[in-house]
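Below is target18.tsv, holding TSV, C-alpha atoms.
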chain	number	residue	atom	x	y	z
T	1	MET	CA	-19.51	101.43	1.06
T	2	GLY	CA	-17.80	101.41	4.42
T	3	ASN	CA	-17.04	98.32	6.46
T	4	LYS	CA	-19.30	99.47	9.24
T	5	ILE	CA	-22.41	99.72	7.09
T	6	ILE	CA	-21.79	96.21	5.81
T	7	GLU	CA	-21.39	94.78	9.29
T	8	VAL	CA	-24.41	96.63	10.65
T	9	SER	CA	-26.68	95.47	7.83
T	10	VAL	CA	-25.49	91.86	8.18
T	11	GLY	CA	-26.22	92.13	11.88
T	12	LEU	CA	-29.70	93.44	11.16
T	13	PHE	CA	-30.20	90.64	8.63
T	14	VAL	CA	-29.31	87.96	11.19
T	15	ILE	CA	-31.49	89.62	13.85
T	16	ALA	CA	-34.41	89.74	11.39
T	17	GLY	CA	-33.91	86.02	10.76
T	18	ILE	CA	-33.95	85.22	14.49
T	19	ALA	CA	-37.03	87.41	14.99
T	20	ALA	CA	-38.83	85.62	12.16
T	21	LEU	CA	-37.89	82.26	13.69
T	22	LEU	CA	-39.37	83.37	17.00
T	23	VAL	CA	-42.55	84.45	15.21
T	24	LEU	CA	-42.75	81.02	13.58
T	25	ALA	CA	-42.07	79.25	16.86
T	26	PHE	CA	-44.46	81.11	19.13
T	27	HIS	CA	-47.06	82.68	16.89
T	28	VAL	CA	-47.47	80.14	14.09
T	29	SER	CA	-46.69	76.84	15.76
T	30	ASP	CA	-47.54	77.46	19.44
T	31	PHE	CA	-44.24	75.97	20.56
T	32	SER	CA	-44.47	76.60	24.27
T	33	THR	CA	-47.96	75.82	25.54
T	34	TYR	CA	-47.87	72.09	26.15
T	35	SER	CA	-44.30	71.47	27.25
T	36	GLU	CA	-43.47	69.22	30.17
T	37	HIS	CA	-43.26	71.62	33.06
T	38	ASN	CA	-46.56	73.49	33.06
T	39	THR	CA	-48.82	70.49	32.42
T	40	TYR	CA	-49.80	67.22	34.07
T	41	ARG	CA	-50.61	63.83	32.58
T	42	VAL	CA	-53.93	62.06	32.67
T	43	SER	CA	-54.95	58.90	30.85
T	44	ALA	CA	-58.30	57.45	29.85
T	45	LYS	CA	-59.40	54.14	28.33
T	46	PHE	CA	-61.86	54.10	25.46
T	47	ASP	CA	-63.61	51.21	23.69
T	48	ASN	CA	-63.26	52.97	20.36
T	49	ILE	CA	-61.49	56.21	19.62
T	50	GLY	CA	-62.75	56.61	16.08
T	51	ASP	CA	-60.63	59.16	14.22
T	52	LEU	CA	-58.89	60.68	17.26
T	53	LYS	CA	-55.30	61.71	16.58
T	54	PRO	CA	-52.39	62.92	18.72
T	55	ARG	CA	-52.41	66.70	19.25
T	56	ALA	CA	-56.21	66.78	19.24
T	57	PRO	CA	-57.56	69.32	21.76
T	58	VAL	CA	-59.02	68.44	25.16
T	59	THR	CA	-61.82	70.73	26.28
T	60	ILE	CA	-63.97	71.39	29.31
T	61	ALA	CA	-67.20	73.24	28.51
T	62	GLY	CA	-65.72	74.03	25.10
T	63	VAL	CA	-62.60	75.70	26.50
T	64	LYS	CA	-59.31	74.14	25.44
T	65	VAL	CA	-57.38	72.95	28.49
T	66	GLY	CA	-54.90	70.48	26.98
T	67	GLN	CA	-54.17	68.08	24.19
T	68	VAL	CA	-53.80	64.40	23.35
T	69	VAL	CA	-50.14	63.39	23.47
T	70	GLY	CA	-50.28	59.66	22.80
T	71	ILE	CA	-52.57	56.78	21.85
T	72	ASP	CA	-51.74	53.15	22.70
T	73	LEU	CA	-53.57	49.84	22.64
T	74	ASP	CA	-54.18	48.00	25.90
T	75	LYS	CA	-53.33	44.43	24.88
T	76	LYS	CA	-55.31	42.70	27.64
T	77	GLU	CA	-58.59	44.54	27.37
T	78	TYR	CA	-58.35	45.55	23.70
T	79	LYS	CA	-59.02	49.14	24.64
T	80	ALA	CA	-57.40	52.34	23.46
T	81	VAL	CA	-55.35	54.12	26.12
T	82	VAL	CA	-55.32	57.84	25.40
T	83	LYS	CA	-52.75	59.97	27.21
T	84	LEU	CA	-53.66	63.60	27.77
T	85	ARG	CA	-51.66	66.60	28.88
T	86	ILE	CA	-53.68	69.17	30.75
T	87	GLU	CA	-52.53	72.62	31.75
T	88	ALA	CA	-51.31	72.86	35.33
T	89	LYS	CA	-53.60	75.77	36.13
T	90	ASP	CA	-56.68	73.63	35.40
T	91	ASN	CA	-55.91	71.20	38.23
T	92	ASN	CA	-59.41	71.01	39.69
T	93	ILE	CA	-61.02	68.30	37.57
T	94	PRO	CA	-63.16	66.11	39.90
T	95	LEU	CA	-62.30	62.40	40.15
T	96	ASP	CA	-65.68	61.27	38.81
T	97	SER	CA	-65.47	63.37	35.64
T	98	SER	CA	-66.16	61.63	32.36
T	99	ALA	CA	-64.31	61.96	29.07
T	100	SER	CA	-66.04	61.57	25.74
T	101	ILE	CA	-64.81	61.72	22.17
T	102	VAL	CA	-66.87	64.12	20.11
T	103	THR	CA	-66.69	65.46	16.60
T	104	ALA	CA	-66.36	69.12	15.71
T	105	GLY	CA	-69.15	69.68	13.22
T	106	LEU	CA	-70.54	66.94	11.03
T	107	LEU	CA	-67.30	66.09	9.23
T	108	GLY	CA	-64.77	67.82	11.48
T	109	SER	CA	-61.91	66.26	13.41
T	110	ASN	CA	-62.40	64.51	16.75
T	111	TYR	CA	-61.51	65.96	20.12
T	112	ILE	CA	-61.99	65.01	23.75
T	113	ALA	CA	-64.59	66.75	25.90
T	114	ILE	CA	-64.34	66.33	29.67
T	115	THR	CA	-67.59	66.65	31.59
T	116	PRO	CA	-66.81	67.57	35.22
T	117	GLY	CA	-68.28	65.43	38.01
T	118	PHE	CA	-69.25	66.43	41.52
T	119	GLU	CA	-66.60	64.93	43.82
T	120	ASP	CA	-64.42	67.12	45.99
T	121	ASN	CA	-61.20	65.21	45.21
T	122	PHE	CA	-59.38	66.17	42.05
T	123	ILE	CA	-57.46	64.18	39.48
T	124	LYS	CA	-53.71	64.22	40.20
T	125	ASP	CA	-50.69	63.87	37.93
T	126	ASN	CA	-50.70	60.42	36.21
T	127	GLY	CA	-54.33	60.06	37.19
T	128	VAL	CA	-56.97	58.12	35.26
T	129	ILE	CA	-60.38	59.22	34.05
T	130	GLU	CA	-62.50	56.13	34.73
T	131	GLU	CA	-65.72	57.04	33.01
T	132	THR	CA	-65.46	57.33	29.24
T	133	ASN	CA	-67.78	57.53	26.26
T	134	SER	CA	-66.46	56.17	22.97
T	135	ALA	CA	-66.46	57.98	19.68
T	136	ILE	CA	-69.69	57.92	17.76
T	137	ILE	CA	-68.96	56.31	14.43
T	138	LEU	CA	-71.19	57.75	11.73
T	139	GLU	CA	-71.17	54.58	9.63
T	140	ASP	CA	-72.29	52.42	12.58
T	141	MET	CA	-75.13	54.79	13.29
T	142	ILE	CA	-76.28	54.79	9.68
T	143	GLY	CA	-76.01	50.98	9.62
T	144	GLN	CA	-78.07	50.64	12.77
T	145	PHE	CA	-80.64	53.09	11.43
T	146	ILE	CA	-81.07	51.16	8.18
T	147	PHE	CA	-81.24	47.86	10.09
T	148	ASN	CA	-83.91	49.22	12.42
T	149	SER	CA	-86.01	50.72	9.64
T	150	LYS	CA	-85.91	47.40	7.76
T	151	LYS	CA	-87.18	45.66	10.91
T	152	ASP	CA	-89.98	48.19	11.14
T	153	ASP	CA	-90.92	47.57	7.53
T	154	GLU	CA	-91.05	43.82	8.15
T	155	LYS	CA	-93.28	44.27	11.18
T	156	LYS	CA	-95.60	46.47	9.20
T	157	SER	CA	-95.86	43.98	6.33
T	158	GLU	CA	-96.60	41.12	8.83
T	159	THR	CA	-99.52	42.98	10.42
L	1	MET	CA	-20.45	56.79	-39.06
L	2	MET	CA	-21.90	54.38	-36.50
L	3	THR	CA	-18.69	54.20	-34.49
L	4	GLU	CA	-18.46	57.99	-34.52
L	5	ASN	CA	-21.86	58.27	-32.85
L	6	ILE	CA	-20.93	55.69	-30.23
L	7	GLN	CA	-17.66	57.50	-29.70
L	8	ASN	CA	-19.53	60.77	-29.14
L	9	ILE	CA	-21.79	59.16	-26.55
L	10	GLY	CA	-18.77	57.75	-24.75
L	11	LYS	CA	-16.97	61.06	-24.89
L	12	SER	CA	-19.82	63.05	-23.44
L	13	SER	CA	-20.48	60.54	-20.67
L	14	ILE	CA	-16.78	60.58	-19.69
L	15	ASN	CA	-17.05	64.37	-19.68
L	16	VAL	CA	-20.05	64.31	-17.39
L	17	CYS	CA	-18.37	61.88	-15.00
L	18	SER	CA	-15.15	63.88	-14.83
L	19	ASN	CA	-17.11	67.10	-14.29
L	20	VAL	CA	-19.05	65.58	-11.39
L	21	GLY	CA	-15.84	64.21	-9.91
L	22	TYR	CA	-14.10	67.55	-10.32
L	23	ALA	CA	-17.00	69.36	-8.66
L	24	GLY	CA	-16.87	66.90	-5.76
L	25	ILE	CA	-13.12	67.35	-5.25
L	26	PHE	CA	-13.62	71.10	-5.51
L	27	LEU	CA	-16.28	70.89	-2.77
L	28	LEU	CA	-14.08	68.81	-0.48
L	29	LYS	CA	-11.16	71.20	-0.98
L	30	THR	CA	-13.43	74.11	-0.09
L	31	ILE	CA	-14.91	72.56	3.04
L	32	PHE	CA	-12.03	70.58	4.55
L	33	ARG	CA	-9.29	73.04	5.17
L	34	LYS	CA	-7.72	74.57	8.21
L	35	PRO	CA	-10.14	77.31	9.29
L	36	ARG	CA	-8.56	80.75	9.54
L	37	LEU	CA	-11.21	82.45	11.59
L	38	VAL	CA	-9.53	85.78	12.28
L	39	LYS	CA	-8.84	86.54	8.65
L	40	GLY	CA	-11.76	84.60	7.21
L	41	PHE	CA	-14.57	86.09	9.29
L	42	PRO	CA	-14.58	89.63	7.80
L	43	LEU	CA	-14.60	88.08	4.32
L	44	LEU	CA	-17.57	85.94	5.32
L	45	ILE	CA	-19.46	88.98	6.67
L	46	LYS	CA	-18.86	90.81	3.42
L	47	GLU	CA	-20.21	87.90	1.40
L	48	VAL	CA	-23.25	87.43	3.64
L	49	PHE	CA	-23.90	91.08	2.92
L	50	SER	CA	-23.74	90.74	-0.85
L	51	VAL	CA	-25.43	87.31	-0.99
L	52	GLY	CA	-27.98	87.54	1.79
L	53	VAL	CA	-28.85	91.15	2.48
L	54	PHE	CA	-29.15	92.07	-1.19
L	55	SER	CA	-31.52	89.11	-1.72
L	56	LEU	CA	-33.78	90.36	1.06
L	57	PRO	CA	-35.94	92.79	-1.00
L	58	ILE	CA	-36.90	90.20	-3.64
L	59	ILE	CA	-37.60	87.62	-0.90
L	60	LEU	CA	-39.80	90.06	1.01
L	61	VAL	CA	-41.84	91.13	-2.01
L	62	ALA	CA	-42.23	87.57	-3.30
L	63	SER	CA	-43.20	86.17	0.08
L	64	ILE	CA	-45.92	88.71	0.84
L	65	PHE	CA	-47.46	88.14	-2.59
L	66	ILE	CA	-47.25	84.37	-2.25
L	67	GLY	CA	-48.92	84.55	1.15
L	68	MET	CA	-51.71	86.69	-0.29
L	69	VAL	CA	-52.23	84.46	-3.34
L	70	VAL	CA	-52.37	81.28	-1.24
L	71	GLY	CA	-54.83	83.07	1.02
L	72	LEU	CA	-57.12	84.03	-1.85
L	73	GLN	CA	-56.96	80.65	-3.56
L	74	GLY	CA	-57.40	78.76	-0.32
L	75	TYR	CA	-60.36	80.90	0.69
L	76	ASN	CA	-62.14	80.18	-2.58
L	77	ILE	CA	-61.71	76.44	-2.21
L	78	LEU	CA	-62.38	76.27	1.53
L	79	SER	CA	-65.57	78.32	1.21
L	80	LYS	CA	-67.01	75.45	-0.87
L	81	PHE	CA	-66.71	73.26	2.23
L	82	SER	CA	-67.67	76.14	4.52
L	83	ALA	CA	-64.39	75.63	6.33
L	84	THR	CA	-62.86	79.05	5.78
L	85	GLU	CA	-61.64	79.28	9.37
L	86	GLN	CA	-59.09	76.60	8.43
L	87	LEU	CA	-57.39	79.10	6.11
L	88	GLY	CA	-54.67	79.91	8.62
L	89	GLN	CA	-53.71	76.27	8.84
L	90	LEU	CA	-53.64	75.92	5.06
L	91	ILE	CA	-51.45	78.98	4.56
L	92	ALA	CA	-49.04	78.20	7.38
L	93	LEU	CA	-48.56	74.55	6.49
L	94	SER	CA	-48.13	75.07	2.75
L	95	VAL	CA	-45.74	77.98	3.26
L	96	VAL	CA	-43.64	76.47	6.03
L	97	ARG	CA	-43.39	73.01	4.54
L	98	GLU	CA	-43.08	73.66	0.82
L	99	LEU	CA	-43.39	77.13	-0.62
L	100	GLY	CA	-40.99	78.85	1.74
L	101	PRO	CA	-37.96	76.60	1.23
L	102	VAL	CA	-38.57	75.91	-2.47
L	103	VAL	CA	-39.56	79.34	-3.78
L	104	GLY	CA	-36.96	80.92	-1.54
L	105	ALA	CA	-34.27	78.66	-2.99
L	106	LEU	CA	-35.41	79.30	-6.59
L	107	LEU	CA	-35.33	83.07	-6.06
L	108	PHE	CA	-31.98	82.72	-4.32
L	109	ALA	CA	-30.58	80.76	-7.27
L	110	GLY	CA	-31.76	83.44	-9.65
L	111	ARG	CA	-30.69	86.42	-7.58
L	112	ALA	CA	-27.56	85.33	-5.72
L	113	GLY	CA	-26.42	82.17	-7.52
L	114	SER	CA	-26.15	83.81	-10.92
L	115	ALA	CA	-24.32	86.78	-9.42
L	116	LEU	CA	-21.82	84.47	-7.72
L	117	THR	CA	-21.16	82.59	-10.95
L	118	ALA	CA	-20.74	85.74	-13.02
L	119	GLU	CA	-18.43	87.31	-10.45
L	120	ILE	CA	-16.16	84.28	-10.07
L	121	GLY	CA	-16.32	83.62	-13.82
L	122	LEU	CA	-15.15	87.14	-14.61
L	123	MET	CA	-12.38	86.80	-12.03
L	124	LYS	CA	-11.21	83.69	-13.83
L	125	THR	CA	-11.55	85.22	-17.30
L	126	THR	CA	-9.51	88.26	-16.35
L	127	GLU	CA	-6.97	85.91	-14.70
L	128	GLN	CA	-7.42	87.34	-11.24
L	129	LEU	CA	-7.63	83.85	-9.80
L	130	ALA	CA	-4.42	82.82	-11.54
L	131	SER	CA	-2.54	85.91	-10.36
L	132	MET	CA	-3.80	85.29	-6.84
L	133	GLU	CA	-2.22	81.87	-7.00
L	134	MET	CA	0.97	83.47	-8.29
L	135	MET	CA	1.06	85.61	-5.15
L	136	GLY	CA	0.71	82.54	-2.98
L	137	VAL	CA	-2.92	83.21	-1.96
L	138	ASP	CA	-5.17	80.24	-2.39
L	139	PRO	CA	-8.24	81.42	-4.37
L	140	LEU	CA	-10.28	78.58	-2.86
L	141	TRP	CA	-9.71	80.12	0.55
L	142	ARG	CA	-9.85	83.79	-0.44
L	143	VAL	CA	-12.65	83.76	-3.03
L	144	ILE	CA	-14.62	80.51	-2.98
L	145	ALA	CA	-14.94	79.47	0.66
L	146	PRO	CA	-16.44	82.74	2.01
L	147	ARG	CA	-19.03	82.81	-0.77
L	148	PHE	CA	-19.88	79.15	-0.22
L	149	TRP	CA	-20.43	79.49	3.53
L	150	ALA	CA	-22.26	82.79	3.04
L	151	GLY	CA	-24.77	81.00	0.79
L	152	ILE	CA	-25.32	78.20	3.30
L	153	ILE	CA	-25.85	80.72	6.11
L	154	SER	CA	-28.00	83.17	4.16
L	155	LEU	CA	-30.60	80.92	2.56
L	156	PRO	CA	-32.04	79.47	5.81
L	157	ILE	CA	-32.32	82.98	7.27
L	158	LEU	CA	-34.01	84.21	4.09
L	159	THR	CA	-36.36	81.21	4.18
L	160	ILE	CA	-37.39	81.85	7.78
L	161	ILE	CA	-38.10	85.50	6.95
L	162	PHE	CA	-39.98	84.34	3.84
L	163	CYS	CA	-42.23	82.06	5.91
L	164	ALA	CA	-43.01	84.66	8.55
L	165	VAL	CA	-43.79	87.36	5.99
L	166	ALA	CA	-45.90	85.00	3.88
L	167	VAL	CA	-48.01	84.05	6.90
L	168	PHE	CA	-48.44	87.76	7.53
L	169	GLY	CA	-49.52	88.23	3.89
L	170	GLY	CA	-52.07	85.46	4.32
L	171	HIS	CA	-53.29	87.17	7.47
L	172	LEU	CA	-53.71	90.42	5.52
L	173	ILE	CA	-55.92	88.74	2.94
L	174	GLY	CA	-57.77	86.29	5.18
L	175	VAL	CA	-58.48	88.43	8.21
L	176	GLU	CA	-58.29	92.03	7.05
L	177	TRP	CA	-59.84	91.67	3.63
L	178	LEU	CA	-62.02	88.54	3.56
L	179	GLY	CA	-63.15	88.88	7.15
L	180	ILE	CA	-62.25	85.55	8.74
L	181	ASP	CA	-62.24	85.75	12.52
L	182	ALA	CA	-58.68	86.50	13.64
L	183	GLY	CA	-58.94	84.21	16.67
L	184	SER	CA	-59.91	81.10	14.74
L	185	PHE	CA	-57.39	81.98	12.01
L	186	TRP	CA	-54.48	81.94	14.45
L	187	SER	CA	-55.71	79.18	16.77
L	188	ASN	CA	-56.34	76.73	13.91
L	189	MET	CA	-52.87	77.57	12.63
L	190	GLN	CA	-51.27	77.08	16.01
L	191	SER	CA	-53.02	73.83	16.75
L	192	SER	CA	-51.95	72.25	13.46
L	193	VAL	CA	-48.42	73.55	12.90
L	194	ASP	CA	-45.84	71.63	14.90
L	195	PHE	CA	-42.53	73.36	15.53
L	196	ARG	CA	-40.35	70.28	15.17
L	197	ILE	CA	-42.19	68.48	12.39
L	198	ASP	CA	-43.10	71.45	10.21
L	199	VAL	CA	-40.88	74.44	10.97
L	200	LEU	CA	-37.63	72.61	11.67
L	201	ASN	CA	-38.03	70.32	8.68
L	202	GLY	CA	-38.55	73.37	6.48
L	203	ILE	CA	-35.34	74.87	7.83
L	204	ILE	CA	-33.46	71.61	7.25
L	205	LYS	CA	-34.71	71.68	3.67
L	206	SER	CA	-33.52	75.24	3.19
L	207	ILE	CA	-30.05	74.41	4.56
L	208	ALA	CA	-29.80	71.56	2.04
L	209	PHE	CA	-30.96	73.84	-0.77
L	210	GLY	CA	-28.52	76.56	0.25
L	211	PHE	CA	-25.71	74.01	0.14
L	212	VAL	CA	-26.62	72.73	-3.31
L	213	VAL	CA	-27.36	76.11	-4.89
L	214	THR	CA	-24.15	77.77	-3.74
L	215	TRP	CA	-22.09	74.69	-4.57
L	216	ILE	CA	-23.39	74.74	-8.13
L	217	ALA	CA	-22.95	78.50	-8.39
L	218	VAL	CA	-19.36	78.68	-7.19
L	219	TYR	CA	-18.34	75.58	-9.11
L	220	GLN	CA	-19.83	76.86	-12.36
L	221	GLY	CA	-18.01	80.13	-11.82
L	222	TYR	CA	-14.73	78.41	-11.02
L	223	ALA	CA	-14.98	76.09	-14.03
L	224	THR	CA	-16.00	78.81	-16.50
L	225	VAL	CA	-14.55	78.68	-19.99
L	226	PRO	CA	-12.61	81.97	-19.87
L	227	THR	CA	-14.45	83.86	-22.60
L	228	ALA	CA	-17.38	86.26	-22.66
L	229	ALA	CA	-19.64	83.54	-24.06
L	230	GLY	CA	-18.31	81.15	-21.42
L	231	ILE	CA	-19.45	83.43	-18.59
L	232	SER	CA	-22.93	83.76	-20.04
L	233	ARG	CA	-23.19	80.00	-20.50
L	234	ALA	CA	-21.97	79.34	-16.97
L	235	THR	CA	-24.50	81.79	-15.52
L	236	THR	CA	-27.35	80.19	-17.43
L	237	ARG	CA	-26.21	76.75	-16.36
L	238	THR	CA	-26.11	77.82	-12.71
L	239	VAL	CA	-29.72	78.95	-12.75
L	240	VAL	CA	-30.95	75.89	-14.67
L	241	TYR	CA	-29.01	73.28	-12.70
L	242	ALA	CA	-29.69	74.90	-9.36
L	243	SER	CA	-33.44	75.16	-10.00
L	244	LEU	CA	-33.66	71.54	-11.16
L	245	ALA	CA	-31.55	70.34	-8.24
L	246	VAL	CA	-33.75	72.22	-5.78
L	247	LEU	CA	-36.98	70.80	-7.20
L	248	GLY	CA	-35.62	67.26	-7.40
L	249	MET	CA	-34.12	67.36	-3.93
L	250	ASP	CA	-37.34	68.79	-2.59
L	251	PHE	CA	-39.17	65.67	-3.67
L	252	VAL	CA	-36.59	63.38	-2.11
L	253	LEU	CA	-36.46	65.33	1.16
L	254	THR	CA	-40.25	65.50	1.38
L	255	ALA	CA	-40.48	61.76	0.77
L	256	ILE	CA	-37.98	61.15	3.59
L	257	MET	CA	-39.67	63.56	6.01
L	258	MET	CA	-43.31	62.76	5.30
L	259	GLY	CA	-43.16	59.18	4.04
L	260	GLY	CA	-41.35	57.88	7.09
L	261	TRP	CA	-38.61	56.13	5.19

Turn this file's structure into C-alpha cells for me.
Amino acid sequence: MGNKIIEVSVGLFVIAGIAALLVLAFHVSDFSTYSEHNTYRVSAKFDNIGDLKPRAPVTIAGVKVGQVVGIDLDKKEYKAVVKLRIEAKDNNIPLDSSASIVTAGLLGSNYIAITPGFEDNFIKDNGVIEETNSAIILEDMIGQFIFNSKKDDEKKSET
Amino acid sequence: MMTENIQNIGKSSINVCSNVGYAGIFLLKTIFRKPRLVKGFPLLIKEVFSVGVFSLPIILVASIFIGMVVGLQGYNILSKFSATEQLGQLIALSVVRELGPVVGALLFAGRAGSALTAEIGLMKTTEQLASMEMMGVDPLWRVIAPRFWAGIISLPILTIIFCAVAVFGGHLIGVEWLGIDAGSFWSNMQSSVDFRIDVLNGIIKSIAFGFVVTWIAVYQGYATVPTAAGISRATTRTVVYASLAVLGMDFVLTAIMMGGW
C-alpha cells in the first residue's frame, strides 16, 4: 500500500472524528444557543422554587425563550434568587410580566413560565421580574386537602 | 514445605513489583525523550493508520447496534411511564457518558491492542528489536513511541465517532421505527446533554483509556518471553489486563466526575 493512500485515509479518519465532534456539540448537546453574547440576564425572586434546577427551560406561551443559569439564596429575605438567560431576540418582555414555576405533566420536571404584562416598557439586561408565583408543591396541596376534609368531617359530626 | 509456600508468595510478589516498576520506567522512557518531529511524524501517521483506521469498521458496526439496542430497551421501559419522548435523552446520555468510552476502549483493546502486542512480540522473538539496537537505532523511538502515541490519538477519535453513530442508531430505532416525534426526540436530548459536563468528560475518559490500553499493549509486546507460546500468552494478557484496567478506571473516573470529589 502506497504512502499516499495511508496519509489520505488517516486524514479522512481525523476529519471524520472532527465532524462527529461537531455533531455531538451542536446536534446532541446544543452547545451554542445560550452563550453569553446572544442572550441577556434577568433575575426573579421566588418564595419557593420546589424542584427547579439550573438549565431548566424558560417559556412564554409555551415557547422556549431561555433557560435558568443559576439559583442562589437571598440571605436577608430567605428567598430564592433565580437567574435566567433569555434570547436577545425576545427582548420585548413587558416590565409588569410575572414569572411562575410550573410542572411539565404530573410528575415532570419544573420550568419557568413567563406571563407577559401590559406595560410599554420592556425588561432590560440585568433586569428583575418583580411579580412571581412560587412552585406548587404536590405534598403541601395533598396535606392541605386532607386537613380541610378532616375539618369538614368534624363540622358535619357536630351538626 | 511451609517455608517453600511462603517463599513462593514472596517470589511472586517481588515479580509483580518489579514488573510494575519496569513498565513504569518503560513508559517514562517512551514519553520523555527528545522529540524528532520530522522523522517521527510519518511513522506516527503510519501507525494511526494501522491502529485507528483499521479499527473504524468494528467501531462503526458496534456503535450503530449499541445505539439501536439502547433505543429498543429504553423505549420498552420508558413506555411504562409514558415518557417515551425522553428516549433521545436516555440514549445520548448513556452513550456519551458511559457506553461510548467504555465499549469503544474494550473493542479497541481487542482489535488494536492485541495486534500491537503480537506485532512487537514477534519483532522481539525474531530479534528484530535487538538487531535494531545493534545498528544504533533505539527501538523505543522507532517501534514503541509511534505506536503508543497513535493509540492515544486514535481512541478518542474513535470514541467520538462511536458516540455520534450510536445516537444516529438510536434515532433510527426511536424515530423511524417506533414513531417517536423527531422534534421532541432531539429537543429533549439537546436540553439535557451538556457539552462540557457530558461530552468533554466522555472524551477525557477515552483519552485516559487510550493511554492505559496502548501502554499495556506495547509493554506486553516489549516484555514478551521470546517463544511462540510467549507471544500467545502476552496477547491474551494484553486483552485481559486492558479490559480490566478500562472497567476499573471507568469506575474511578466516573466517581471523580459525577461524585464531585

Select all residues from chain T having any atom no more than 8 Å from an atom of chain L (counting all atoms listed in the file, ignoring ligands), output as a PDB file with C-alpha atoms, keeping the file's coordinate frame.
ATOM      1  CA  ILE T   6     -21.790  96.210   5.810  1.00  0.00           C
ATOM      2  CA  GLU T   7     -21.390  94.780   9.290  1.00  0.00           C
ATOM      3  CA  SER T   9     -26.680  95.470   7.830  1.00  0.00           C
ATOM      4  CA  VAL T  10     -25.490  91.860   8.180  1.00  0.00           C
ATOM      5  CA  PHE T  13     -30.200  90.640   8.630  1.00  0.00           C
ATOM      6  CA  VAL T  14     -29.310  87.960  11.190  1.00  0.00           C
ATOM      7  CA  ALA T  16     -34.410  89.740  11.390  1.00  0.00           C
ATOM      8  CA  GLY T  17     -33.910  86.020  10.760  1.00  0.00           C
ATOM      9  CA  ILE T  18     -33.950  85.220  14.490  1.00  0.00           C
ATOM     10  CA  ALA T  20     -38.830  85.620  12.160  1.00  0.00           C
ATOM     11  CA  LEU T  21     -37.890  82.260  13.690  1.00  0.00           C
ATOM     12  CA  VAL T  23     -42.550  84.450  15.210  1.00  0.00           C
ATOM     13  CA  LEU T  24     -42.750  81.020  13.580  1.00  0.00           C
ATOM     14  CA  ALA T  25     -42.070  79.250  16.860  1.00  0.00           C
ATOM     15  CA  HIS T  27     -47.060  82.680  16.890  1.00  0.00           C
ATOM     16  CA  VAL T  28     -47.470  80.140  14.090  1.00  0.00           C
ATOM     17  CA  SER T  29     -46.690  76.840  15.760  1.00  0.00           C
ATOM     18  CA  ASP T  30     -47.540  77.460  19.440  1.00  0.00           C
ATOM     19  CA  PHE T  31     -44.240  75.970  20.560  1.00  0.00           C
ATOM     20  CA  ARG T  55     -52.410  66.700  19.250  1.00  0.00           C
TER      21      ARG T  55
END

**OP:** List the neighbours of Asn121 (chain T) out to 9 Å using only C-alpha atoms; skip same-chain residues closer than 6 positions along the sequence, and give me the result as a list in words.
**Re:** Asn92, Ile93, Pro94, Leu95 and Asp96 of chain T

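Taking all atoms listed in the file into account, those protein, DNA and RNA residues with any atom at most 12 Å away from (-33.9, 67.8, -5.8) amount to Pro101, Val102, Ala105, Leu106, Lys205, Ser206, Ala208, Phe209, Gly210, Phe211, Val212, Val213, Tyr241, Ala242, Ser243, Leu244, Ala245, Val246, Leu247, Gly248, Met249, Asp250, Phe251, Val252, Leu253, Thr254 and Ala255 of chain L.
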
**OP:** List every protein, DNA or RNA residue that has at least one atom no more than 9 Å from (-67.7, 58.0, 30.6) in the file's coordinates, counting all atoms listed in the file, and write the result as a PyMOL selection string.
**Re:** chain T and resi 46+97-100+115+129-134

Original post:
Do you know which residues are at most 6 Å from Val82 (chain T) counting all atoms listed in the file, after dropping those on the same chain fewer than 5 positions away, and could you put them as a list in words?
Top reply: Ser43, Ala44, Gly70 and Ile71 of chain T

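For the residues L:Gly67, L:Gly121, L:Gly170, L:Gly151, ranking by smallest atom-to-atom distance to Ile231 (chain L) using all atoms listed in the file places L:Gly121 first.
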
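Atom pair CA of Ala234 (chain L) / CA of Leu140 (chain L) has a distance of 18.3 Å (rounded to one decimal).
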
Original post:
Any idea what's packed within 6 Å of Tyr40 (chain T), counting only C-alpha atoms, ignoring anything in its chain fewer than 4 positions away? Could you give it as a count of residues only?
Top reply: 4

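CA of Ile112 (chain T) lies 8.4 Å from CA of Gln67 (chain T).
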
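The space between CA of Gly221 (chain L) and CA of Ile120 (chain L) spans 4.9 Å.
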
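Minimum atom-to-atom distance to Pro57 (chain L), evaluated using only C-alpha atoms, belongs to L:Leu107 out of L:Met257, L:Met132, L:Val143, L:Leu107.
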
Original post:
Nearest to Ser55 (chain L): which of L:Leu116, L:Leu155, L:Val38, L:Met68 is it, counting only C-alpha atoms?
Top reply: L:Leu155

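Each of T:Gly50, T:Asp152, T:Glu87, T:Lys79 was checked against Glu139 (chain T) using all atoms listed in the file; the smallest atom-to-atom distance is that of T:Gly50.
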
**OP:** List the neighbours of Thr59 (chain T) out to 7 Å using only C-alpha atoms; skip same-chain residues closer than 5 positions along the sequence, and give me the result as a list in words.
**Re:** Lys64, Val65, Gly66, Ile112, Ala113 and Ile114 of chain T

Could you write out the selected residues, including C-alpha atoms, as an mmCIF file, in the frame of the given file?
data_model
loop_
_atom_site.group_PDB
_atom_site.id
_atom_site.type_symbol
_atom_site.label_atom_id
_atom_site.label_comp_id
_atom_site.auth_asym_id
_atom_site.auth_seq_id
_atom_site.Cartn_x
_atom_site.Cartn_y
_atom_site.Cartn_z
ATOM 1 C CA LYS T 64 -59.310 74.140 25.440
ATOM 2 C CA VAL T 65 -57.380 72.950 28.490
ATOM 3 C CA GLY T 66 -54.900 70.480 26.980
ATOM 4 C CA ILE T 112 -61.990 65.010 23.750
ATOM 5 C CA ALA T 113 -64.590 66.750 25.900
ATOM 6 C CA ILE T 114 -64.340 66.330 29.670
#

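Candidate residues T:Val63, T:Leu73, T:Leu12, T:Leu52 were compared for distance to Tyr111 (chain T), and the nearest is T:Leu52, using all atoms listed in the file.
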
**OP:** Determine, counting all atoms listed in the file, which protein, DNA and RNA residues have an atom within 9 Å of an atom of Leu44 (chain L); residues of the same chain fewer than 4 positions away are not included. Present the result as number ranges by chain.
**Re:** L: 40, 48-49, 145-147, 149-150
